[in-house]
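Asker: Mind having a look at this structure? Questions to follow.
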Amino acid sequence: MAHRVVSPTGNDPSARRRGNFWIISQYKDFRYLWIGNFFTVGAQWIQILTVGWLVLQLTDGNAFLTGTAVGIRTLPVLLIGPWAGVLADRVDRRKLVMVTQVYMAISAVIFALMVLATDLDVQPVTGFLQWWHAFIYMGVSGIAHSIVQPVRQTMVPNTVPLRDLGKALALNGMAHPSMRIVGPAIGGLLIATLGFNWNFFIEAGFYVTIVLIYLPMKLPYREERLATNASLLSSMKEGLAYVVKERTILQLIVMAFIPNLVFQPVVFVLPIFTTEVLGRGADAGGILAAAVGAGGIVAAIIIAGRGYIFRRGPMTLMGLIGGCFFILLFAQSTWYYASMAALAGLGFFQYIFRVGNNTLIQTIVPDALRGRVMSIYMLDNGLTPLATMAISYLIHIWSPGGAYTVIAAISSALALLQLVLFRRVRVLE
């Protein structure tokens, strides 16, 4: 039987009139989480943009190494993500995130000092830093990212009652497009004016700020954890069994593969497209990355203010199809402003998909299994570096436009196939 998900505003006309933004002032613990999320995503995008351009310079424009260095950040998800989900269902989720952020801050400072010890303004580059150090740094960051991502998602339903979960998830998702504008724009501007010396210190400062914000936060709506003697492996198997049994959850998880295998790698290899196709530098590349966030912000304002106009299931599917279409348009562009518009369209539909998909899953899954299910849901993030490597290699031997056209066409066909076959998703409210 298909699941019916309660509308985020229910039948309350006053809730529709005031939109969703009142949630921020109503629940202080959600407010802490919401603010912290902006710093988390901001640090992520400053890191992604800066490492991409740094490796591009260290390797004299090698497309394959540049795309792979950025994409490798999500590779540890394949090994660590499921165990992080098990931990999220057993331990204090807030403390687990805080400890991980401290670890990320320390690694960012160490890498920042390595950058400072290197003269990047001369050719060839002289000093301590080598391109493979960026691979190690992104791998180390990826370990922490694999823990933080699913655990932070599970904390949203723990800070608001279930009736307001849809509103909270819509607002929480605003951090991604917002900081996609601010993070790359600031990072690109700093690279263009001051070089690479300060971006990683700023990234570390963001992580420390998150810890300070989370100190007074509590998780009042988390269900009481029952004592269990089950092993970690048994707990993981329980989560996997639930996903396989709940066909609706399984379909929603399968749908998430396209964004992480296609949408995300497109952004990761933007430095290559910016230089080879558009003939621009890091400042222009930062604005292109920010255009994805601008499109997402428009979608976020609409959803946070008015909610989904139509049922979430069909809108989520349309978000997937729309994103693929705009990548196809982007692949044909050789004009800077047309490229910016196409990326804004990608950001708009990507936001519609991600918030809708996440909300549907989190509304259905019980809290006792939430950590494990969300870690499985995000497991496809670990395939992103493999997709980025493949796309980067295709660009290296062919061209950015040709590579993007092929992946956009394939992903569009898969999205349309899911629209036809995934009836359980189509009927979700």
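Residues in the structure tokens are named by chain (A, B, ... in the order shown) and by number from 1 within that chain; ligands are numbered from 1 in the order shown.
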Can I get the residues of segment 334-408 of chain A within 12 Å of segment 236-240 of chain A, each with the closest pair of atoms and their distance in Å to one decimal, using only C-alpha atoms, sorted chain first then ascending number, as a Markdown table?
Answerer:
| residue | atom | partner | partner_atom | distance |
| --- | --- | --- | --- | --- |
| A:Val365 | CA | A:Gly239 | CA | 10.5 |
| A:Pro366 | CA | A:Gly239 | CA | 10.9 |
| A:Asp367 | CA | A:Gly239 | CA | 11.6 |
| A:Ala368 | CA | A:Gly239 | CA | 9.7 |
| A:Leu369 | CA | A:Gly239 | CA | 6.4 |
| A:Arg370 | CA | A:Gly239 | CA | 8.7 |
| A:Gly371 | CA | A:Gly239 | CA | 8.8 |
| A:Arg372 | CA | A:Gly239 | CA | 5.4 |
| A:Val373 | CA | A:Gly239 | CA | 6.0 |
| A:Met374 | CA | A:Gly239 | CA | 9.6 |
| A:Ser375 | CA | A:Gly239 | CA | 9.4 |
| A:Ile376 | CA | A:Leu240 | CA | 7.7 |
| A:Tyr377 | CA | A:Leu240 | CA | 10.5 |
| A:Leu379 | CA | A:Leu240 | CA | 11.8 |
Asker: Those residues you just picked out, can you put them in a file as a compact mmCIF listing (two decimals), in the first residue's frame with N, CA and C atoms?
Answerer:
# COMPACT_ATOMS: atom_id res chain seq x y z
N VAL A 365 9.79 7.33 7.84
CA VAL A 365 10.65 6.47 8.64
C VAL A 365 10.48 6.73 10.15
N PRO A 366 10.45 5.68 10.98
CA PRO A 366 10.40 5.87 12.45
C PRO A 366 11.73 6.38 12.99
N ASP A 367 11.69 7.15 14.09
CA ASP A 367 12.90 7.78 14.62
C ASP A 367 13.93 6.74 15.06
N ALA A 368 13.49 5.59 15.53
CA ALA A 368 14.42 4.57 16.00
C ALA A 368 15.32 4.05 14.87
N LEU A 369 14.84 4.18 13.63
CA LEU A 369 15.62 3.73 12.48
C LEU A 369 16.12 4.88 11.62
N ARG A 370 15.87 6.10 12.06
CA ARG A 370 16.13 7.27 11.22
C ARG A 370 17.61 7.38 10.81
N GLY A 371 18.52 7.19 11.76
CA GLY A 371 19.94 7.32 11.46
C GLY A 371 20.39 6.32 10.42
N ARG A 372 19.96 5.08 10.57
CA ARG A 372 20.38 4.04 9.63
C ARG A 372 19.77 4.26 8.25
N VAL A 373 18.51 4.64 8.20
CA VAL A 373 17.86 4.87 6.90
C VAL A 373 18.49 6.07 6.19
N MET A 374 18.75 7.15 6.92
CA MET A 374 19.35 8.33 6.29
C MET A 374 20.77 8.06 5.82
N SER A 375 21.49 7.21 6.54
CA SER A 375 22.85 6.87 6.09
C SER A 375 22.80 6.04 4.82
N ILE A 376 21.80 5.18 4.70
CA ILE A 376 21.62 4.41 3.46
C ILE A 376 21.18 5.34 2.33
N TYR A 377 20.29 6.28 2.66
CA TYR A 377 19.81 7.27 1.70
C TYR A 377 20.98 8.07 1.12
N LEU A 379 24.10 7.02 0.97
CA LEU A 379 25.19 6.14 0.56
C LEU A 379 25.64 6.42 -0.86
Asker: What lies within 7 Å of segment 409-412 of chain A using only C-alpha atoms, ignoring chain neighbours under 2 positions off, as a list of chain:residue names?
Answerer: A:Ile258, A:Ile321, A:Cys324, A:Phe325, A:Leu328, A:Thr405, A:Val406, A:Ile407, A:Leu414, A:Ala415, A:Leu416
Asker: Report as a list of chain:residue names all protein, DNA and RNA residues lying within 8 Å of segment 187-190 of chain A, evaluated on only C-alpha atoms, omitting residues in the same chain fewer than 2 positions from it.
Answerer: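 These residues fall inside the cut-off: A:Ile46, A:Leu49, A:Thr50, A:Gly183, A:Pro184, A:Ala185, A:Ala192, A:Thr193, A:Leu194, A:Gly195, A:Phe196, A:Trp198, A:Asn199, A:Ala282, A:Asp283, A:Ala284, A:Gly285, A:Gly286, A:Ile287.
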Asker: Taking 4 positions as the minimum chain separation for residues in the same chain, which residues sit within 8 Å of Gln149 of chain A when counting only C-alpha atoms? Answer as a ChimeraX atom specification.
Answerer: /A:145,153,378
Asker: Need the shell around Arg423 of chain A: protein/DNA/RNA residues with any atom at most 10 Å away, counting only C-alpha atoms. Skip same-chain ones fewer than 3 positions apart. Format as a ChimeraX atom specification?
Answerer: /A:2,248,251,313-314,418-420,426-428
Asker: Generate the output file for the selected residues, N, CA and C atoms, as a PDB file, in the first residue's frame.
Answerer:
ATOM      1  N   ALA A   2       0.490   2.227  -0.805  1.00  0.00           N
ATOM      2  CA  ALA A   2       1.273   3.459  -0.877  1.00  0.00           C
ATOM      3  C   ALA A   2       1.089   4.284   0.379  1.00  0.00           C
ATOM      4  N   THR A 248       8.333   2.005  -0.870  1.00  0.00           N
ATOM      5  CA  THR A 248       8.271   3.445  -1.126  1.00  0.00           C
ATOM      6  C   THR A 248       9.606   4.103  -0.763  1.00  0.00           C
ATOM      7  N   GLN A 251      12.241   3.233  -3.387  1.00  0.00           N
ATOM      8  CA  GLN A 251      12.120   4.010  -4.617  1.00  0.00           C
ATOM      9  C   GLN A 251      12.652   5.433  -4.429  1.00  0.00           C
ATOM     10  N   GLY A 313       5.092  14.081  -4.148  1.00  0.00           N
ATOM     11  CA  GLY A 313       5.611  12.988  -4.971  1.00  0.00           C
ATOM     12  C   GLY A 313       5.843  13.400  -6.412  1.00  0.00           C
ATOM     13  N   PRO A 314       4.797  13.876  -7.132  1.00  0.00           N
ATOM     14  CA  PRO A 314       4.998  14.312  -8.521  1.00  0.00           C
ATOM     15  C   PRO A 314       5.978  15.479  -8.643  1.00  0.00           C
ATOM     16  N   GLN A 418      11.860   6.595 -14.365  1.00  0.00           N
ATOM     17  CA  GLN A 418      11.373   6.567 -12.985  1.00  0.00           C
ATOM     18  C   GLN A 418       9.995   7.215 -12.866  1.00  0.00           C
ATOM     19  N   LEU A 419       9.750   8.260 -13.631  1.00  0.00           N
ATOM     20  CA  LEU A 419       8.431   8.890 -13.628  1.00  0.00           C
ATOM     21  C   LEU A 419       7.355   7.893 -14.031  1.00  0.00           C
ATOM     22  N   VAL A 420       7.678   7.029 -14.983  1.00  0.00           N
ATOM     23  CA  VAL A 420       6.709   6.036 -15.465  1.00  0.00           C
ATOM     24  C   VAL A 420       6.562   4.883 -14.474  1.00  0.00           C
ATOM     25  N   ARG A 426       4.638   8.670  -7.126  1.00  0.00           N
ATOM     26  CA  ARG A 426       3.714   9.585  -7.804  1.00  0.00           C
ATOM     27  C   ARG A 426       2.469   9.898  -6.977  1.00  0.00           C
ATOM     28  N   VAL A 427       2.047   8.977  -6.118  1.00  0.00           N
ATOM     29  CA  VAL A 427       0.802   9.185  -5.367  1.00  0.00           C
ATOM     30  C   VAL A 427       1.034   9.795  -3.979  1.00  0.00           C
ATOM     31  N   LEU A 428       2.304  10.037  -3.607  1.00  0.00           N
ATOM     32  CA  LEU A 428       2.582  10.621  -2.300  1.00  0.00           C
ATOM     33  C   LEU A 428       2.122  12.069  -2.250  1.00  0.00           C
TER      34      LEU A 428
END
Asker: Enumerate the residues of segment 238-339 of chain A with a DSSP assignment of helix (DSSP H, G or I), computed from the backbone, and present them as a ChimeraX atom specification.
Answerer: /A:238-245,247-255,257-268,270-276,282-306,312-332,336-339
